[in-house]
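Coordinates from model-v3.txt are shown below (compact mmCIF, C-alpha atoms and all ligand atoms).
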```txt
# COMPACT_ATOMS: atom_id res chain seq x y z
CA MET S 1 140.51 -78.15 -150.37
CA VAL S 2 138.53 -79.22 -147.31
CA LEU S 3 137.58 -76.51 -144.85
CA LYS S 4 139.89 -76.28 -141.82
CA LEU S 5 138.59 -75.37 -138.38
CA TYR S 6 141.18 -74.16 -135.89
CA ALA S 7 139.69 -74.94 -132.49
CA THR S 8 139.92 -77.12 -129.43
CA PRO S 9 138.10 -80.43 -129.28
CA ILE S 10 135.88 -79.08 -126.47
CA ALA S 11 132.60 -77.56 -127.68
CA GLY S 12 132.48 -74.89 -124.97
CA GLY S 13 132.69 -71.45 -126.53
CA GLY S 14 132.74 -69.95 -130.01
CA SER S 15 134.25 -73.09 -131.53
CA GLY S 16 131.20 -75.02 -130.36
CA ILE S 17 128.73 -73.02 -132.44
CA VAL S 18 130.91 -73.31 -135.52
CA ALA S 19 131.17 -77.08 -135.08
CA PHE S 20 127.41 -77.16 -134.46
CA VAL S 21 126.63 -75.33 -137.72
CA LEU S 22 129.06 -77.58 -139.61
CA ALA S 23 127.29 -80.63 -138.15
CA GLU S 24 123.76 -79.36 -138.80
CA LYS S 25 124.74 -78.71 -142.40
CA GLN S 26 126.89 -81.84 -142.68
CA ILE S 27 129.82 -79.86 -144.09
CA PRO S 28 133.05 -81.90 -144.11
CA PHE S 29 135.93 -80.26 -142.27
CA GLU S 30 139.35 -80.90 -140.84
CA LEU S 31 139.93 -80.01 -137.19
CA VAL S 32 143.27 -78.28 -136.61
CA PRO S 33 143.66 -78.55 -132.82
CA VAL S 34 145.02 -75.40 -131.18
CA ASP S 35 146.96 -75.69 -127.96
CA MET S 36 145.33 -73.16 -125.65
CA SER S 37 147.91 -73.46 -122.88
CA ALA S 38 151.03 -72.91 -124.95
CA GLY S 39 152.30 -69.80 -126.69
CA GLU S 40 151.09 -71.17 -130.01
CA ARG S 41 148.13 -68.77 -130.28
CA LYS S 42 150.34 -65.74 -129.74
CA GLY S 43 153.06 -66.89 -132.15
CA ALA S 44 153.53 -65.22 -135.53
CA ASP S 45 152.05 -68.16 -137.49
CA PHE S 46 148.77 -68.15 -135.59
CA LEU S 47 148.56 -64.35 -135.35
CA ALA S 48 148.72 -64.28 -139.14
CA LEU S 49 145.40 -66.15 -139.04
CA HIS S 50 143.83 -64.34 -136.09
CA PRO S 51 145.41 -61.05 -135.02
CA PHE S 52 143.93 -61.41 -131.50
CA GLY S 53 145.32 -64.95 -131.15
CA GLN S 54 141.97 -66.55 -130.41
CA ILE S 55 139.89 -69.45 -131.66
CA PRO S 56 137.82 -70.29 -133.64
CA VAL S 57 139.28 -69.56 -137.07
CA ILE S 58 138.42 -71.18 -140.38
CA ASP S 59 140.48 -71.55 -143.53
CA ASP S 60 138.11 -72.11 -146.43
CA ASP S 61 140.43 -72.81 -149.34
CA GLY S 62 142.65 -69.88 -148.37
CA PHE S 63 139.85 -67.60 -147.16
CA ILE S 64 140.59 -66.93 -143.48
CA LEU S 65 137.76 -65.92 -141.16
CA TYR S 66 137.59 -65.54 -137.38
CA GLU S 67 134.88 -64.64 -134.81
CA GLY S 68 132.54 -67.57 -134.17
CA ARG S 69 129.29 -65.81 -135.01
CA ALA S 70 130.73 -64.34 -138.25
CA ILE S 71 131.93 -67.79 -139.28
CA CYS S 72 128.46 -69.24 -138.64
CA ARG S 73 126.84 -66.54 -140.79
CA TYR S 74 129.33 -67.22 -143.60
CA LEU S 75 128.69 -70.97 -143.49
CA ALA S 76 124.93 -70.49 -143.33
CA GLU S 77 125.06 -68.27 -146.44
CA LYS S 78 127.52 -70.41 -148.36
CA TYR S 79 125.65 -73.65 -147.66
CA ALA S 80 122.17 -72.10 -147.64
CA ASP S 81 120.61 -75.06 -149.44
CA GLU S 82 122.18 -77.76 -147.29
CA GLY S 83 120.89 -79.04 -143.95
CA THR S 84 119.31 -76.66 -141.45
CA PRO S 85 118.60 -73.33 -143.24
CA PHE S 86 119.56 -71.13 -140.22
CA LEU S 87 119.01 -67.84 -142.15
CA PRO S 88 115.74 -67.03 -143.93
CA ARG S 89 116.09 -65.35 -147.31
CA GLU S 90 113.02 -63.11 -147.02
CA LEU S 91 114.06 -59.57 -146.02
CA GLN S 92 111.89 -59.06 -142.94
CA ALA S 93 112.34 -62.60 -141.64
CA ARG S 94 116.12 -62.11 -141.98
CA ALA S 95 115.89 -58.76 -140.16
CA LEU S 96 114.12 -60.47 -137.25
CA VAL S 97 116.96 -63.01 -137.05
CA GLU S 98 119.51 -60.18 -136.96
CA GLN S 99 117.45 -58.43 -134.29
CA ALA S 100 117.43 -61.54 -132.07
CA ALA S 101 121.13 -62.20 -132.79
CA SER S 102 121.97 -58.66 -131.76
CA VAL S 103 120.08 -59.12 -128.49
CA GLU S 104 122.02 -62.33 -127.87
CA TYR S 105 125.35 -60.54 -128.30
CA ALA S 106 124.38 -57.32 -126.49
CA ASN S 107 122.21 -58.63 -123.64
CA PHE S 108 122.38 -62.41 -123.14
CA TYR S 109 126.06 -63.18 -123.79
CA PRO S 110 127.56 -60.42 -121.59
CA ALA S 111 125.63 -61.75 -118.58
CA VAL S 112 126.67 -65.33 -119.36
CA ALA S 113 130.30 -64.27 -119.88
CA LYS S 114 130.33 -62.44 -116.56
CA LEU S 115 129.11 -65.56 -114.73
CA ALA S 116 131.53 -67.76 -116.67
CA VAL S 117 134.48 -65.58 -115.67
CA GLU S 118 133.45 -65.48 -112.00
CA LEU S 119 132.25 -69.06 -111.55
CA ILE S 120 134.44 -71.04 -113.97
CA ALA S 121 137.53 -69.16 -115.12
CA LYS S 122 138.53 -67.55 -111.81
CA PRO S 123 138.18 -70.69 -109.66
CA ARG S 124 140.10 -72.66 -112.27
CA THR S 125 143.01 -70.23 -112.11
CA GLY S 126 142.94 -69.85 -108.35
CA GLN S 127 141.55 -66.31 -108.35
CA PRO S 128 138.84 -65.24 -105.90
CA THR S 129 135.32 -64.92 -107.22
CA ASN S 130 133.69 -61.51 -106.86
CA PRO S 131 130.30 -62.14 -105.19
CA THR S 132 128.93 -58.78 -106.34
CA ALA S 133 129.73 -59.62 -109.95
CA VAL S 134 128.00 -63.00 -109.53
CA VAL S 135 124.83 -61.34 -108.21
CA GLU S 136 124.96 -58.80 -111.04
CA GLY S 137 125.48 -61.53 -113.64
CA HIS S 138 122.54 -63.56 -112.36
CA ALA S 139 120.30 -60.48 -112.23
CA ALA S 140 121.22 -59.44 -115.77
CA LEU S 141 120.69 -62.95 -117.15
CA SER S 142 117.41 -63.34 -115.29
CA ALA S 143 116.12 -60.05 -116.71
CA VAL S 144 116.99 -61.13 -120.27
CA LEU S 145 115.29 -64.49 -119.79
CA ASP S 146 112.15 -62.80 -118.50
CA VAL S 147 111.93 -60.80 -121.71
CA TYR S 148 112.64 -63.98 -123.69
CA GLU S 149 109.67 -65.58 -121.92
CA SER S 150 107.33 -62.99 -123.41
CA ILE S 151 108.92 -63.37 -126.86
CA LEU S 152 108.82 -67.17 -126.73
CA ALA S 153 105.18 -67.13 -125.64
CA LYS S 154 104.43 -65.77 -129.14
CA HIS S 155 106.59 -68.09 -131.24
CA ARG S 156 108.60 -71.25 -130.90
CA PHE S 157 112.05 -69.69 -131.39
CA LEU S 158 113.49 -66.22 -130.83
CA ALA S 159 113.00 -64.92 -134.37
CA GLY S 160 109.83 -66.81 -135.25
CA ASP S 161 108.74 -70.41 -135.56
CA GLU S 162 111.93 -71.57 -137.30
CA PHE S 163 115.19 -72.44 -135.58
CA THR S 164 117.82 -69.91 -136.72
CA LEU S 165 121.35 -68.75 -135.99
CA ALA S 166 119.90 -66.35 -133.42
CA ASP S 167 118.92 -69.38 -131.31
CA ALA S 168 122.13 -71.28 -132.08
CA PHE S 169 124.33 -68.38 -130.89
CA HIS S 170 123.00 -68.99 -127.36
CA LEU S 171 125.08 -72.18 -127.33
CA VAL S 172 128.20 -70.06 -126.72
CA ALA S 173 129.22 -70.61 -123.07
CA ALA S 174 125.72 -70.90 -121.56
CA PRO S 175 125.51 -74.73 -121.78
CA ARG S 176 128.95 -74.83 -120.19
CA LEU S 177 127.64 -72.75 -117.28
CA ALA S 178 124.68 -75.08 -116.91
CA ALA S 179 126.97 -78.12 -117.02
CA GLU S 180 129.03 -76.60 -114.21
CA GLY S 181 125.89 -76.45 -112.07
CA VAL S 182 125.08 -72.76 -112.53
CA ASP S 183 121.31 -72.68 -112.45
CA PHE S 184 119.76 -69.89 -114.49
CA LEU S 185 116.45 -71.59 -115.35
CA THR S 186 114.80 -72.25 -112.00
CA GLY S 187 111.95 -69.78 -111.57
CA LYS S 188 111.95 -68.84 -115.25
CA GLY S 189 108.85 -69.19 -117.38
CA PRO S 190 107.74 -72.35 -119.20
CA ASN S 191 108.49 -71.00 -122.66
CA VAL S 192 112.12 -70.17 -121.86
CA THR S 193 112.55 -73.64 -120.36
CA ARG S 194 110.95 -75.27 -123.40
CA TRP S 195 113.14 -73.25 -125.79
CA TRP S 196 116.34 -73.95 -123.85
CA ASN S 197 115.65 -77.66 -123.70
CA GLU S 198 114.90 -77.72 -127.41
CA LEU S 199 118.21 -75.98 -128.05
CA ILE S 200 120.44 -78.26 -126.00
CA THR S 201 118.74 -81.48 -127.10
CA ARG S 202 119.26 -80.92 -130.82
CA PRO S 203 120.95 -84.15 -131.94
CA ALA S 204 123.96 -82.33 -133.42
CA TRP S 205 124.58 -80.57 -130.11
CA VAL S 206 124.10 -83.71 -128.02
CA LYS S 207 126.63 -85.50 -130.23
CA LEU S 208 129.11 -82.63 -130.00
CA LYS S 209 128.86 -82.56 -126.22
CA ALA S 210 129.35 -86.32 -126.03
CA GLU S 211 132.16 -86.68 -128.56
CA GLY S 212 133.75 -83.22 -128.67
CA VAL S 213 134.68 -81.41 -131.87
CA LYS S 214 135.94 -84.01 -134.31
CA GLY S 215 136.85 -83.36 -137.92
CA THR S 216 135.08 -85.44 -140.51
CA VAL S 217 138.05 -85.96 -142.81
N1 LIG S 301 134.80 -62.89 -129.97
C1 LIG S 301 135.50 -64.13 -130.23
C2 LIG S 301 135.95 -64.66 -128.90
C3 LIG S 301 136.79 -65.84 -129.06
C4 LIG S 301 137.32 -66.34 -127.75
O1 LIG S 301 137.18 -65.73 -126.67
N2 LIG S 301 137.96 -67.49 -127.83
C5 LIG S 301 138.55 -68.05 -126.68
C6 LIG S 301 138.29 -69.55 -126.62
S1 LIG S 301 136.57 -69.92 -126.64
C7 LIG S 301 140.02 -67.84 -126.76
O2 LIG S 301 140.64 -68.00 -127.81
N3 LIG S 301 140.60 -67.47 -125.63
C8 LIG S 301 141.99 -67.26 -125.54
C9 LIG S 301 142.37 -65.82 -125.62
O3 LIG S 301 141.48 -64.96 -125.73
O4 LIG S 301 143.58 -65.57 -125.58
C10 LIG S 301 134.57 -65.13 -130.94
O5 LIG S 301 133.37 -65.07 -130.70
O6 LIG S 301 135.05 -65.95 -131.74
```
Would you mind writing the file out in structure tokens?
Ligand SMILES: N[C@@H](CCC(=O)N[C@@H](CS)C(=O)NCC(=O)O)C(=O)O
Amino acid sequence: MVLKLYATPIAGGGSGIVAFVLAEKQIPFELVPVDMSAGERKGADFLALHPFGQIPVIDDDGFILYEGRAICRYLAEKYADEGTPFLPRELQARALVEQAASVEYANFYPAVAKLAVELIAKPRTGQPTNPTAVVEGHAALSAVLDVYESILAKHRFLAGDEFTLADAFHLVAAPRLAAEGVDFLTGKGPNVTRWWNELITRPAWVKLKAEGVKGTV
């Protein structure tokens, strides 16, 4: 049975990285569009798939998995020999990927999420933006990117010279911020800028942004 991805067609958040990994590995899948505005996600049928009522979720021949980053790890392991490797097999190289992925989730993403809430979600729902939170979000993100500059001066990607899931996870929400005009790169070092541009110009990502998440079957 073909893999099902429950998501929206917009590659903005966690669904985007799953669709990106599927594309980089050329794994066929069926998109099951989830209506984010309706009660569908909080209904019993969807909660049976994802107890928090969120997307993305995959159904891989009856195996249900949620959390975007966990899904990406599963796909990278299952299809290790197809397309972009994403996860090195060697123990220490793998540990460095997990180290960089942990930093993404603990340091980078919280700052991005804070800015996304203040500068995208709140204005969209008519709530006032908290200027203090915006300043804090920018400061936190800037501090992370300054450390990234020193890391990326030593190697091409965050966990070494190969592109891995640790880099790909940065595609959650941050490109959306950039697309909304939130500038977090001006004044940052050349290596961060180089790395970011390399990330968002990967052909699979460019195609996803242009066409949205589209199933292949
Ligand atoms: N930690 C989850 C977060 C998923 C998440 O926040 N999904 C959003 C869409 S990108 C969602 O379903 N929001 C609706 C909600 O939380 O009710 C993941 O990484 O997959």
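The interatomic distance for the pair CA of Asp35 (chain S) and CA of Lys78 (chain S) works out to 28.7 Å.
The binding environment of ligand LIG 301 (chain S), defined as every protein, DNA or RNA residue with an atom no more than 8 Å away and counting all atoms listed in the file, comprises Gly12, Gly13, Gly14, Ser15, Met36, Arg41, Lys42, Phe52, Gly53, Gln54, Ile55, Pro56, Val57, Tyr66, Glu67, Gly68, Arg69 and Ala70 of chain S.
Candidate residues S:Lys209, S:Gly187, S:Ile10, S:Lys4 were compared for distance to Asp61 (chain S), and the nearest is S:Lys4, using all atoms listed in the file.
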Distance in Å - CA of Val97 (chain S) versus CA of Leu165 (chain S):
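Between CA of Val97 (chain S) and CA of Leu165 (chain S) the gap is 7.3 Å.
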Of the candidates S:Gly137, S:Pro85, S:Gly215, S:Pro110, which shows the shortest atom-to-atom distance to Glu162 (chain S), using all atoms listed in the file?
S:Pro85
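Residue nearest Ala19 (chain S) within the list S:Val217, S:Val117, S:Ala80, S:Gly212: S:Gly212 [criterion: smallest interatomic distance, all atoms listed in the file].
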Restricting the calculation to all atoms listed in the file, which member of S:Ser150, S:Val112, S:Leu22, S:Thr125 is positioned closest to Trp205 (chain S)?
S:Leu22
Suppose you want the space between CA of Val2 (chain S) and CA of Phe29 (chain S); what is it in Å?
5.8 Å
Report, as lines of an AutoDock Vina configuration file, the axis-aligned box around all atoms of region 85-103 of chain S present in the file, extended by 5 Å on each side; give centre and edge lengths in Å to one decimal place.
```
center_x = 116.9
center_y = -65.9
center_z = -137.9
size_x = 20.1
size_y = 24.9
size_z = 28.8
```
